$ cat input.cif   # mmCIF, C-alpha atoms and all ligand atoms
data_upload
loop_
_atom_site.group_PDB
_atom_site.id
_atom_site.type_symbol
_atom_site.label_atom_id
_atom_site.label_comp_id
_atom_site.auth_asym_id
_atom_site.auth_seq_id
_atom_site.Cartn_x
_atom_site.Cartn_y
_atom_site.Cartn_z
ATOM 1 C CA MET A 699 30.085 29.679 48.133
ATOM 2 C CA SER A 700 31.222 33.230 48.732
ATOM 3 C CA LEU A 701 33.248 35.090 51.304
ATOM 4 C CA ASN A 702 31.685 38.372 50.195
ATOM 5 C CA ASN A 703 31.921 41.140 52.809
ATOM 6 C CA LYS A 704 33.707 38.971 55.349
ATOM 7 C CA THR A 705 36.741 40.378 57.143
ATOM 8 C CA ILE A 706 39.345 37.642 57.275
ATOM 9 C CA VAL A 707 42.684 37.716 59.085
ATOM 10 C CA VAL A 708 45.239 35.495 57.329
ATOM 11 C CA THR A 709 48.560 34.644 58.972
ATOM 12 C CA GLY A 710 51.429 33.572 56.759
ATOM 13 C CA CYS A 711 49.895 35.518 53.861
ATOM 14 C CA CYS A 712 53.244 36.209 52.184
ATOM 15 C CA SER A 713 53.974 32.716 50.889
ATOM 16 C CA GLY A 714 52.599 29.302 49.998
ATOM 17 C CA ILE A 715 49.174 28.279 51.271
ATOM 18 C CA GLY A 716 48.577 31.602 53.064
ATOM 19 C CA ALA A 717 49.266 33.628 49.916
ATOM 20 C CA ASP A 718 46.965 31.450 47.799
ATOM 21 C CA PHE A 719 44.210 31.608 50.391
ATOM 22 C CA ALA A 720 44.546 35.402 50.693
ATOM 23 C CA LYS A 721 44.207 35.743 46.893
ATOM 24 C CA LEU A 722 41.207 33.414 46.727
ATOM 25 C CA ALA A 723 39.432 35.112 49.637
ATOM 26 C CA ARG A 724 39.851 38.535 47.988
ATOM 27 C CA LEU A 725 38.538 37.154 44.688
ATOM 28 C CA GLN A 726 35.476 35.960 46.599
ATOM 29 C CA GLY A 727 34.894 39.458 47.974
ATOM 30 C CA ALA A 728 36.488 39.206 51.408
ATOM 31 C CA ARG A 729 38.453 41.997 53.005
ATOM 32 C CA VAL A 730 41.783 40.338 53.822
ATOM 33 C CA ILE A 731 44.082 41.541 56.587
ATOM 34 C CA GLY A 732 47.414 39.729 56.392
ATOM 35 C CA ILE A 733 49.875 39.089 59.193
ATOM 36 C CA ASP A 734 53.403 37.892 58.444
ATOM 37 C CA ARG A 735 56.996 38.430 59.552
ATOM 38 C CA ASN A 736 57.899 39.325 55.937
ATOM 39 C CA ASP A 737 56.649 42.199 53.804
ATOM 40 C CA PRO A 738 53.672 41.307 51.598
ATOM 41 C CA THR A 739 54.247 40.459 47.945
ATOM 42 C CA LEU A 740 50.548 40.411 47.022
ATOM 43 C CA SER A 741 47.611 42.803 47.268
ATOM 44 C CA VAL A 742 45.805 42.720 50.593
ATOM 45 C CA ASP A 743 43.340 45.119 52.194
ATOM 46 C CA GLY A 744 45.473 45.543 55.276
ATOM 47 C CA PHE A 745 48.753 44.191 56.538
ATOM 48 C CA VAL A 746 50.426 43.933 59.923
ATOM 49 C CA LYS A 747 54.040 42.879 60.220
ATOM 50 C CA ALA A 748 54.506 40.715 63.296
ATOM 51 C CA ASP A 749 56.488 37.872 64.774
ATOM 52 C CA LEU A 750 53.898 35.235 65.577
ATOM 53 C CA GLY A 751 56.301 33.469 67.918
ATOM 54 C CA ASP A 752 56.378 36.462 70.266
ATOM 55 C CA PRO A 753 53.302 37.255 72.420
ATOM 56 C CA LYS A 754 54.194 40.964 72.701
ATOM 57 C CA SER A 755 54.448 41.291 68.933
ATOM 58 C CA ILE A 756 51.099 39.472 68.621
ATOM 59 C CA ASP A 757 49.434 41.826 71.126
ATOM 60 C CA THR A 758 50.720 44.858 69.202
ATOM 61 C CA ALA A 759 49.468 43.323 65.943
ATOM 62 C CA VAL A 760 46.001 42.626 67.340
ATOM 63 C CA GLN A 761 45.605 46.294 68.299
ATOM 64 C CA GLN A 762 45.913 47.120 64.594
ATOM 65 C CA LEU A 763 43.191 44.677 63.486
ATOM 66 C CA PRO A 764 39.621 45.771 62.699
ATOM 67 C CA ALA A 765 37.162 45.802 65.607
ATOM 68 C CA ARG A 766 35.118 43.044 63.963
ATOM 69 C CA VAL A 767 36.706 39.937 62.411
ATOM 70 C CA ASP A 768 34.634 37.207 60.723
ATOM 71 C CA ALA A 769 37.321 34.588 60.231
ATOM 72 C CA LEU A 770 40.891 33.856 61.272
ATOM 73 C CA ALA A 771 43.029 31.573 59.091
ATOM 74 C CA ASN A 772 46.058 30.492 61.109
ATOM 75 C CA ILE A 773 48.320 29.441 58.245
ATOM 76 C CA ALA A 774 51.810 30.748 59.218
ATOM 77 C CA GLY A 775 54.213 28.039 60.289
ATOM 78 C CA VAL A 776 57.816 26.960 60.332
ATOM 79 C CA PRO A 777 59.185 23.510 59.422
ATOM 80 C CA GLY A 778 60.867 21.084 61.823
ATOM 81 C CA THR A 779 64.303 22.082 60.532
ATOM 82 C CA ALA A 780 63.876 25.213 62.709
ATOM 83 C CA PRO A 781 64.847 24.949 66.411
ATOM 84 C CA ALA A 782 62.222 23.080 68.457
ATOM 85 C CA ASP A 783 61.624 26.105 70.693
ATOM 86 C CA LEU A 784 60.788 28.270 67.659
ATOM 87 C CA VAL A 785 58.522 25.586 66.187
ATOM 88 C CA GLY A 786 56.626 25.439 69.493
ATOM 89 C CA ARG A 787 56.300 29.213 69.728
ATOM 90 C CA VAL A 788 55.171 29.846 66.127
ATOM 91 C CA ASN A 789 53.201 26.700 65.269
ATOM 92 C CA TYR A 790 51.437 26.320 68.618
ATOM 93 C CA LEU A 791 51.856 28.841 71.455
ATOM 94 C CA GLY A 792 51.705 31.944 69.256
ATOM 95 C CA LEU A 793 48.825 30.579 67.184
ATOM 96 C CA ARG A 794 46.895 29.925 70.383
ATOM 97 C CA HIS A 795 47.705 33.367 71.784
ATOM 98 C CA LEU A 796 46.606 35.127 68.595
ATOM 99 C CA THR A 797 43.409 33.078 68.435
ATOM 100 C CA HIS A 798 42.398 33.940 72.010
ATOM 101 C CA ARG A 799 42.947 37.640 71.291
ATOM 102 C CA VAL A 800 41.104 37.620 67.943
ATOM 103 C CA LEU A 801 38.172 35.626 69.363
ATOM 104 C CA ASP A 802 37.280 38.753 71.346
ATOM 105 C CA ARG A 803 36.597 40.463 68.009
ATOM 106 C CA MET A 804 34.512 37.627 66.550
ATOM 107 C CA GLY A 805 30.796 37.035 66.869
ATOM 108 C CA GLU A 806 28.116 34.501 65.929
ATOM 109 C CA GLY A 807 28.993 32.860 62.589
ATOM 110 C CA GLY A 808 32.741 33.371 63.017
ATOM 111 C CA SER A 809 35.299 30.777 61.982
ATOM 112 C CA VAL A 810 38.857 29.869 62.978
ATOM 113 C CA VAL A 811 40.816 27.602 60.638
ATOM 114 C CA ASN A 812 44.132 26.166 61.834
ATOM 115 C CA ILE A 813 46.547 24.530 59.417
ATOM 116 C CA SER A 814 47.714 21.282 60.999
ATOM 117 C CA SER A 815 49.359 18.553 58.904
ATOM 118 C CA ILE A 816 49.060 14.926 57.958
ATOM 119 C CA LEU A 817 52.172 14.650 60.174
ATOM 120 C CA GLY A 818 49.981 15.362 63.216
ATOM 121 C CA ALA A 819 47.994 12.163 62.669
ATOM 122 C CA GLU A 820 49.506 10.308 65.631
ATOM 123 C CA TRP A 821 48.009 12.626 68.268
ATOM 124 C CA PRO A 822 46.068 9.759 69.947
ATOM 125 C CA LEU A 823 49.415 8.205 71.007
ATOM 126 C CA ARG A 824 50.206 11.266 73.166
ATOM 127 C CA LEU A 825 46.695 12.433 73.984
ATOM 128 C CA GLU A 826 47.211 12.945 77.719
ATOM 129 C CA LEU A 827 50.348 15.065 77.198
ATOM 130 C CA HIS A 828 48.599 17.159 74.556
ATOM 131 C CA ARG A 829 45.586 17.607 76.817
ATOM 132 C CA GLU A 830 47.849 18.857 79.629
ATOM 133 C CA LEU A 831 49.508 21.354 77.323
ATOM 134 C CA ALA A 832 46.121 22.414 75.957
ATOM 135 C CA ALA A 833 44.970 23.104 79.513
ATOM 136 C CA THR A 834 47.725 25.713 80.072
ATOM 137 C CA ARG A 835 46.076 29.108 80.090
ATOM 138 C CA SER A 836 48.612 31.447 78.542
ATOM 139 C CA PHE A 837 51.630 31.632 76.246
ATOM 140 C CA ASP A 838 53.981 31.836 79.243
ATOM 141 C CA GLU A 839 52.312 28.989 81.107
ATOM 142 C CA GLY A 840 52.509 26.853 77.950
ATOM 143 C CA ALA A 841 56.183 27.788 77.488
ATOM 144 C CA GLN A 842 56.887 26.784 81.112
ATOM 145 C CA TRP A 843 55.072 23.452 80.597
ATOM 146 C CA LEU A 844 57.255 22.831 77.555
ATOM 147 C CA ARG A 845 60.428 23.591 79.548
ATOM 148 C CA ASP A 846 59.254 20.950 82.063
ATOM 149 C CA HIS A 847 58.363 18.508 79.257
ATOM 150 C CA PRO A 848 61.012 19.096 76.545
ATOM 151 C CA VAL A 849 60.083 18.063 73.018
ATOM 152 C CA PRO A 850 62.796 16.258 70.946
ATOM 153 C CA GLN A 851 64.095 18.291 68.009
ATOM 154 C CA ALA A 852 63.710 15.369 65.565
ATOM 155 C CA THR A 853 59.937 15.100 66.067
ATOM 156 C CA CYS A 854 59.042 18.633 67.211
ATOM 157 C CA TYR A 855 57.092 19.503 64.038
ATOM 158 C CA GLN A 856 54.893 16.424 64.376
ATOM 159 C CA TYR A 857 54.484 17.037 68.128
ATOM 160 C CA PHE A 858 53.226 20.594 67.765
ATOM 161 C CA LYS A 859 50.894 19.728 64.877
ATOM 162 C CA GLU A 860 49.452 16.922 67.058
ATOM 163 C CA ALA A 861 49.144 19.408 69.925
ATOM 164 C CA LEU A 862 47.361 21.865 67.624
ATOM 165 C CA ILE A 863 44.805 19.233 66.581
ATOM 166 C CA VAL A 864 44.136 18.307 70.224
ATOM 167 C CA TRP A 865 43.910 21.975 71.293
ATOM 168 C CA THR A 866 41.436 22.669 68.470
ATOM 169 C CA HIS A 867 39.338 19.676 69.511
ATOM 170 C CA THR A 868 39.366 20.589 73.186
ATOM 171 C CA GLN A 869 38.441 24.254 72.530
ATOM 172 C CA SER A 870 35.992 23.978 69.704
ATOM 173 C CA GLN A 871 32.761 22.986 71.386
ATOM 174 C CA ALA A 872 32.981 25.568 74.181
ATOM 175 C CA VAL A 873 33.793 28.292 71.641
ATOM 176 C CA PHE A 874 30.920 27.157 69.400
ATOM 177 C CA LEU A 875 28.391 27.039 72.249
ATOM 178 C CA GLN A 876 29.472 30.259 73.956
ATOM 179 C CA ARG A 877 30.323 32.463 70.986
ATOM 180 C CA GLY A 878 28.891 30.766 67.903
ATOM 181 C CA VAL A 879 32.410 30.585 66.444
ATOM 182 C CA ARG A 880 33.566 27.389 64.745
ATOM 183 C CA MET A 881 37.124 26.072 65.078
ATOM 184 C CA ASN A 882 38.525 23.499 62.677
ATOM 185 C CA CYS A 883 41.853 22.213 61.361
ATOM 186 C CA VAL A 884 42.919 21.515 57.797
ATOM 187 C CA ALA A 885 45.603 18.811 57.551
ATOM 188 C CA PRO A 886 47.541 19.010 54.285
ATOM 189 C CA GLY A 887 49.830 16.271 53.012
ATOM 190 C CA PRO A 888 52.970 17.451 51.188
ATOM 191 C CA VAL A 889 52.420 20.760 49.354
ATOM 192 C CA PHE A 890 54.660 22.447 46.750
ATOM 193 C CA THR A 891 55.709 25.500 48.797
ATOM 194 C CA PRO A 892 59.133 26.889 49.741
ATOM 195 C CA ILE A 893 59.282 24.657 52.842
ATOM 196 C CA LEU A 894 58.660 21.342 51.032
ATOM 197 C CA GLY A 895 62.437 20.709 50.877
ATOM 198 C CA ASP A 896 62.664 21.195 54.654
ATOM 199 C CA PHE A 897 60.193 18.358 55.100
ATOM 200 C CA VAL A 898 62.418 16.072 53.012
ATOM 201 C CA SER A 899 65.437 16.925 55.251
ATOM 202 C CA MET A 900 63.278 16.604 58.369
ATOM 203 C CA LEU A 901 61.757 13.208 57.567
ATOM 204 C CA GLY A 902 64.734 11.678 55.753
ATOM 205 C CA GLU A 903 64.932 10.258 52.242
ATOM 206 C CA GLU A 904 63.771 6.772 53.358
ATOM 207 C CA ARG A 905 60.426 7.979 54.771
ATOM 208 C CA VAL A 906 59.877 10.272 51.779
ATOM 209 C CA GLN A 907 60.463 7.374 49.360
ATOM 210 C CA LYS A 908 58.138 5.173 51.430
ATOM 211 C CA ASP A 909 55.346 7.715 50.991
ATOM 212 C CA ALA A 910 56.140 8.673 47.397
ATOM 213 C CA HIS A 911 54.435 5.674 45.770
ATOM 214 C CA ARG A 912 51.313 6.156 47.925
ATOM 215 C CA MET A 913 50.381 9.460 46.345
ATOM 216 C CA LYS A 914 50.018 10.954 42.914
ATOM 217 C CA ARG A 915 52.105 14.049 43.742
ATOM 218 C CA PRO A 916 52.354 16.785 46.365
ATOM 219 C CA ALA A 917 49.466 19.261 46.355
ATOM 220 C CA PHE A 918 49.640 22.739 44.870
ATOM 221 C CA SER A 919 48.847 25.362 47.471
ATOM 222 C CA ASP A 920 45.836 26.529 45.429
ATOM 223 C CA GLU A 921 44.375 23.056 46.028
ATOM 224 C CA VAL A 922 44.475 23.603 49.802
ATOM 225 C CA ALA A 923 43.238 27.214 49.782
ATOM 226 C CA PRO A 924 39.620 26.419 48.677
ATOM 227 C CA VAL A 925 39.221 24.028 51.605
ATOM 228 C CA VAL A 926 40.259 26.785 54.010
ATOM 229 C CA ALA A 927 37.763 29.035 52.213
ATOM 230 C CA PHE A 928 34.979 26.466 52.645
ATOM 231 C CA LEU A 929 35.625 26.316 56.401
ATOM 232 C CA CYS A 930 35.494 30.135 56.607
ATOM 233 C CA ASP A 931 32.268 30.209 54.628
ATOM 234 C CA ASP A 932 28.744 30.001 56.060
ATOM 235 C CA ALA A 933 28.238 26.876 53.907
ATOM 236 C CA SER A 934 30.198 24.988 56.572
ATOM 237 C CA ARG A 935 28.210 26.496 59.463
ATOM 238 C CA TRP A 936 27.532 23.077 61.008
ATOM 239 C CA VAL A 937 31.149 21.874 60.723
ATOM 240 C CA SER A 938 33.088 22.381 63.943
ATOM 241 C CA GLY A 939 35.881 20.600 65.786
ATOM 242 C CA ILE A 940 37.234 18.586 62.853
ATOM 243 C CA ASN A 941 40.685 17.976 61.377
ATOM 244 C CA LEU A 942 40.076 17.748 57.633
ATOM 245 C CA PRO A 943 42.780 15.974 55.580
ATOM 246 C CA VAL A 944 43.646 17.585 52.225
ATOM 247 C CA ASP A 945 46.251 15.112 51.103
ATOM 248 C CA GLY A 946 45.134 13.480 47.838
ATOM 249 C CA GLY A 947 44.167 10.384 49.820
ATOM 250 C CA LEU A 948 47.586 9.797 51.406
ATOM 251 C CA ALA A 949 46.288 9.320 54.987
ATOM 252 C CA SER A 950 43.775 6.714 53.826
ATOM 253 C CA THR A 951 46.629 4.468 52.626
ATOM 254 C CA TYR A 952 47.798 3.951 56.232
ATOM 255 C CA VAL A 953 44.535 2.232 57.223
HETATM 256 N N1 LIG B 1 54.235 22.720 52.580
HETATM 257 C C1 LIG B 1 53.830 21.565 53.085
HETATM 258 O O1 LIG B 1 54.178 20.483 52.579
HETATM 259 C C2 LIG B 1 52.920 21.553 54.298
HETATM 260 C C3 LIG B 1 52.300 20.340 54.653
HETATM 261 C C4 LIG B 1 51.454 20.312 55.760
HETATM 262 C C5 LIG B 1 51.250 21.462 56.501
HETATM 263 N N2 LIG B 1 51.882 22.620 56.145
HETATM 264 C C6 LIG B 1 51.629 23.808 56.977
HETATM 265 O O2 LIG B 1 51.050 24.790 56.157
HETATM 266 C C7 LIG B 1 51.294 26.080 56.722
HETATM 267 C C8 LIG B 1 51.771 27.018 55.634
HETATM 268 O O3 LIG B 1 53.034 26.544 55.170
HETATM 269 P P1 LIG B 1 53.551 26.756 53.694
HETATM 270 O O4 LIG B 1 53.919 25.418 53.185
HETATM 271 O O5 LIG B 1 52.628 27.614 52.926
HETATM 272 O O6 LIG B 1 54.932 27.490 54.033
HETATM 273 P P2 LIG B 1 55.580 28.860 53.544
HETATM 274 O O7 LIG B 1 56.953 28.876 54.114
HETATM 275 O O8 LIG B 1 55.397 29.021 52.093
HETATM 276 O O9 LIG B 1 54.682 29.953 54.304
HETATM 277 C C9 LIG B 1 54.787 30.155 55.685
HETATM 278 C C10 LIG B 1 54.502 31.618 55.978
HETATM 279 O O10 LIG B 1 54.530 31.790 57.409
HETATM 280 C C11 LIG B 1 55.274 32.963 57.695
HETATM 281 N N3 LIG B 1 55.877 32.849 59.026
HETATM 282 C C12 LIG B 1 56.729 31.904 59.475
HETATM 283 N N4 LIG B 1 57.134 32.188 60.725
HETATM 284 C C13 LIG B 1 56.517 33.336 61.086
HETATM 285 C C14 LIG B 1 56.532 34.136 62.253
HETATM 286 N N5 LIG B 1 57.300 33.844 63.308
HETATM 287 N N6 LIG B 1 55.768 35.246 62.285
HETATM 288 C C15 LIG B 1 55.004 35.598 61.205
HETATM 289 N N7 LIG B 1 54.957 34.891 60.067
HETATM 290 C C16 LIG B 1 55.707 33.765 60.009
HETATM 291 C C17 LIG B 1 56.358 33.005 56.622
HETATM 292 O O11 LIG B 1 56.943 34.298 56.498
HETATM 293 C C18 LIG B 1 55.577 32.561 55.382
HETATM 294 O O12 LIG B 1 54.966 33.655 54.728
HETATM 295 C C19 LIG B 1 52.286 25.853 57.858
HETATM 296 O O13 LIG B 1 51.597 25.865 59.079
HETATM 297 C C20 LIG B 1 52.845 24.478 57.574
HETATM 298 O O14 LIG B 1 53.282 23.833 58.741
HETATM 299 C C21 LIG B 1 52.706 22.703 55.058
#
$ encode --input "input.cif" --output "structure tokens"
Amino acid sequence: MSLNNKTIVVTGCCSGIGADFAKLARLQGARVIGIDRNDPTLSVDGFVKADLGDPKSIDTAVQQLPARVDALANIAGVPGTAPADLVGRVNYLGLRHLTHRVLDRMGEGGSVVNISSILGAEWPLRLELHRELAATRSFDEGAQWLRDHPVPQATCYQYFKEALIVWTHTQSQAVFLQRGVRMNCVAPGPVFTPILGDFVSMLGEERVQKDAHRMKRPAFSDEVAPVVAFLCDDASRWVSGINLPVDGGLASTYV
């Protein structure tokens, strides 16, 4: 496997999973262009500072990207301890907006990888709602739909990760057939990154304890990064429209 000579845009490259993926992709020979709201703390080949919850900031950022992009790794995200509106804008609406814009720069063999979460696993329970939201055609239309269908703060993180999985599924085949670009999700379980503590506050001690005995430990972010790399690589050229768990087997214990 090698990402040699690929141009890869990595959101959230300044911390956690995004930083580890950016490092790995560069080691494999990719040219990495990072996007983050914070200044980079690692070597990248290009960097654009942007607020991925704001469509205008995203449009300005896209103008600074190379004309040809081989892969987009949508890794930036905020935890559910942030206000629900912000979680919706960064984890879903902004991700979608950026992806639509970057798709115009991608050709046959391209790949989009979205970081979902094991916490998005209950998407089938709300499939029709997620389909409706997925059918909205722009950031503003999606934001209006969300004002008409408010999402509770307590479960907003789960809701938008579910919505992301459904959006990826509903988009992927058309994008694959029309452009030859694959779209997939990676669904991590708990990962040792700066926002792990937010997940404990968000889910509550009882739920965390309930899950604790089901897994060996949280992942390290360099255990998630190679899976993102695989989905960017040509080795996965026949993998499209999936939500791949990277959770040390945690999801399987709920069956
Ligand atoms: N850590 C976990 O346990 C875990 C589990 C499942 C899924 N995830 C998902 O993995 C992804 C990466 O999270 P992480 O754990 O590496 O977190 P992290 O906080 O270490 O990294 C998130 C990055 O996103 C950037 N970011 C946040 N809001 C932004 C905005 N508005 N504009 C631009 N950049 C912004 C941050 O600056 C940061 O660099 C997220 O989508 C998260 O939901 C994390």
$ closest_residue --input "input.cif" --among "A:Pro764, A:Pro781, A:Pro916, A:Gly716" --to "Arg803 (chain A)" --atoms "all atoms listed in the file"
A:Pro764
$ residues_around --input "input.cif" --residues "region 735-738 of chain A" --least-positions-apart "2" --cutoff "8 Å" --atoms "all atoms listed in the file" --output "list in words"
Gly710, Cys711, Cys712, Ile733, Leu740, Ser741, Phe745, Lys747, Ala748, Asp749 and Leu750 of chain A
$ write_last_selection --input "input.cif" --atoms "C-alpha atoms" --output "short mmCIF file (atom, residue, chain, number, x, y, z; two decimals), in the frame of the given file"
data_model
loop_
_atom_site.label_atom_id
_atom_site.label_comp_id
_atom_site.auth_asym_id
_atom_site.auth_seq_id
_atom_site.Cartn_x
_atom_site.Cartn_y
_atom_site.Cartn_z
CA GLY A 710 51.43 33.57 56.76
CA CYS A 711 49.90 35.52 53.86
CA CYS A 712 53.24 36.21 52.18
CA ILE A 733 49.88 39.09 59.19
CA LEU A 740 50.55 40.41 47.02
CA SER A 741 47.61 42.80 47.27
CA PHE A 745 48.75 44.19 56.54
CA LYS A 747 54.04 42.88 60.22
CA ALA A 748 54.51 40.72 63.30
CA ASP A 749 56.49 37.87 64.77
CA LEU A 750 53.90 35.24 65.58
#
$ residues_near_ligand --input "input.cif" --ligand "ligand LIG 1 (chain B)" --cutoff "8 Å" --atoms "only C-alpha atoms and all ligand atoms" --output "PyMOL selection string"
chain A and resi 709-717+733-736+747-752+772-777+784+787-789+812-817+855+859+885-894+897+916-917+919
$ atom_distance --input "input.cif" --atom1 "CA of Arg845 (chain A)" --atom2 "CA of Glu820 (chain A)"
22.1 Å
$ residues_around --input "input.cif" --residues "region 827-838 of chain A" --least-positions-apart "6" --cutoff "10 Å" --atoms "all atoms listed in the file" --output "NGL selection string"
:A and (751-753 or 787 or 790-796 or 798 or 821 or 844 or 847 or 857-858 or 860-869)
$ residues_near_point --input "input.cif" --point "(32.7, 21.8, 59.2)" --cutoff "8 Å" --atoms "only C-alpha atoms" --output "ChimeraX atom specification"
/A:880,882,929,934-940
$ build_atoms --input "input.cif" --residues "region 899-911 of chain A" --atoms "N, CA and C atoms" --output "mmCIF file, in the frame of the given file"
data_model
loop_
_atom_site.group_PDB
_atom_site.id
_atom_site.type_symbol
_atom_site.label_atom_id
_atom_site.label_comp_id
_atom_site.auth_asym_id
_atom_site.auth_seq_id
_atom_site.Cartn_x
_atom_site.Cartn_y
_atom_site.Cartn_z
ATOM 1 N N SER A 899 64.302 17.025 54.315
ATOM 2 C CA SER A 899 65.437 16.925 55.251
ATOM 3 C C SER A 899 64.964 16.432 56.613
ATOM 4 N N MET A 900 63.780 16.917 57.032
ATOM 5 C CA MET A 900 63.278 16.604 58.369
ATOM 6 C C MET A 900 62.909 15.125 58.505
ATOM 7 N N LEU A 901 62.264 14.586 57.473
ATOM 8 C CA LEU A 901 61.757 13.208 57.567
ATOM 9 C C LEU A 901 62.788 12.181 57.123
ATOM 10 N N GLY A 902 63.737 12.610 56.285
ATOM 11 C CA GLY A 902 64.734 11.678 55.753
ATOM 12 C C GLY A 902 64.262 11.069 54.450
ATOM 13 N N GLU A 903 65.228 10.763 53.594
ATOM 14 C CA GLU A 903 64.932 10.258 52.242
ATOM 15 C C GLU A 903 64.118 8.956 52.291
ATOM 16 N N GLU A 904 64.427 8.094 53.301
ATOM 17 C CA GLU A 904 63.771 6.772 53.358
ATOM 18 C C GLU A 904 62.250 6.913 53.546
ATOM 19 N N ARG A 905 61.862 7.773 54.511
ATOM 20 C CA ARG A 905 60.426 7.979 54.771
ATOM 21 C C ARG A 905 59.750 8.632 53.554
ATOM 22 N N VAL A 906 60.460 9.572 52.932
ATOM 23 C CA VAL A 906 59.877 10.272 51.779
ATOM 24 C C VAL A 906 59.641 9.265 50.644
ATOM 25 N N GLN A 907 60.614 8.390 50.414
ATOM 26 C CA GLN A 907 60.463 7.374 49.360
ATOM 27 C C GLN A 907 59.321 6.413 49.689
ATOM 28 N N LYS A 908 59.186 6.097 50.995
ATOM 29 C CA LYS A 908 58.138 5.173 51.430
ATOM 30 C C LYS A 908 56.756 5.749 51.101
ATOM 31 N N ASP A 909 56.635 7.066 51.254
ATOM 32 C CA ASP A 909 55.346 7.715 50.991
ATOM 33 C C ASP A 909 55.129 8.006 49.507
ATOM 34 N N ALA A 910 56.241 8.155 48.771
ATOM 35 C CA ALA A 910 56.140 8.673 47.397
ATOM 36 C C ALA A 910 55.187 7.841 46.537
ATOM 37 N N HIS A 911 55.268 6.498 46.657
ATOM 38 C CA HIS A 911 54.435 5.674 45.770
ATOM 39 C C HIS A 911 52.979 5.632 46.212
#
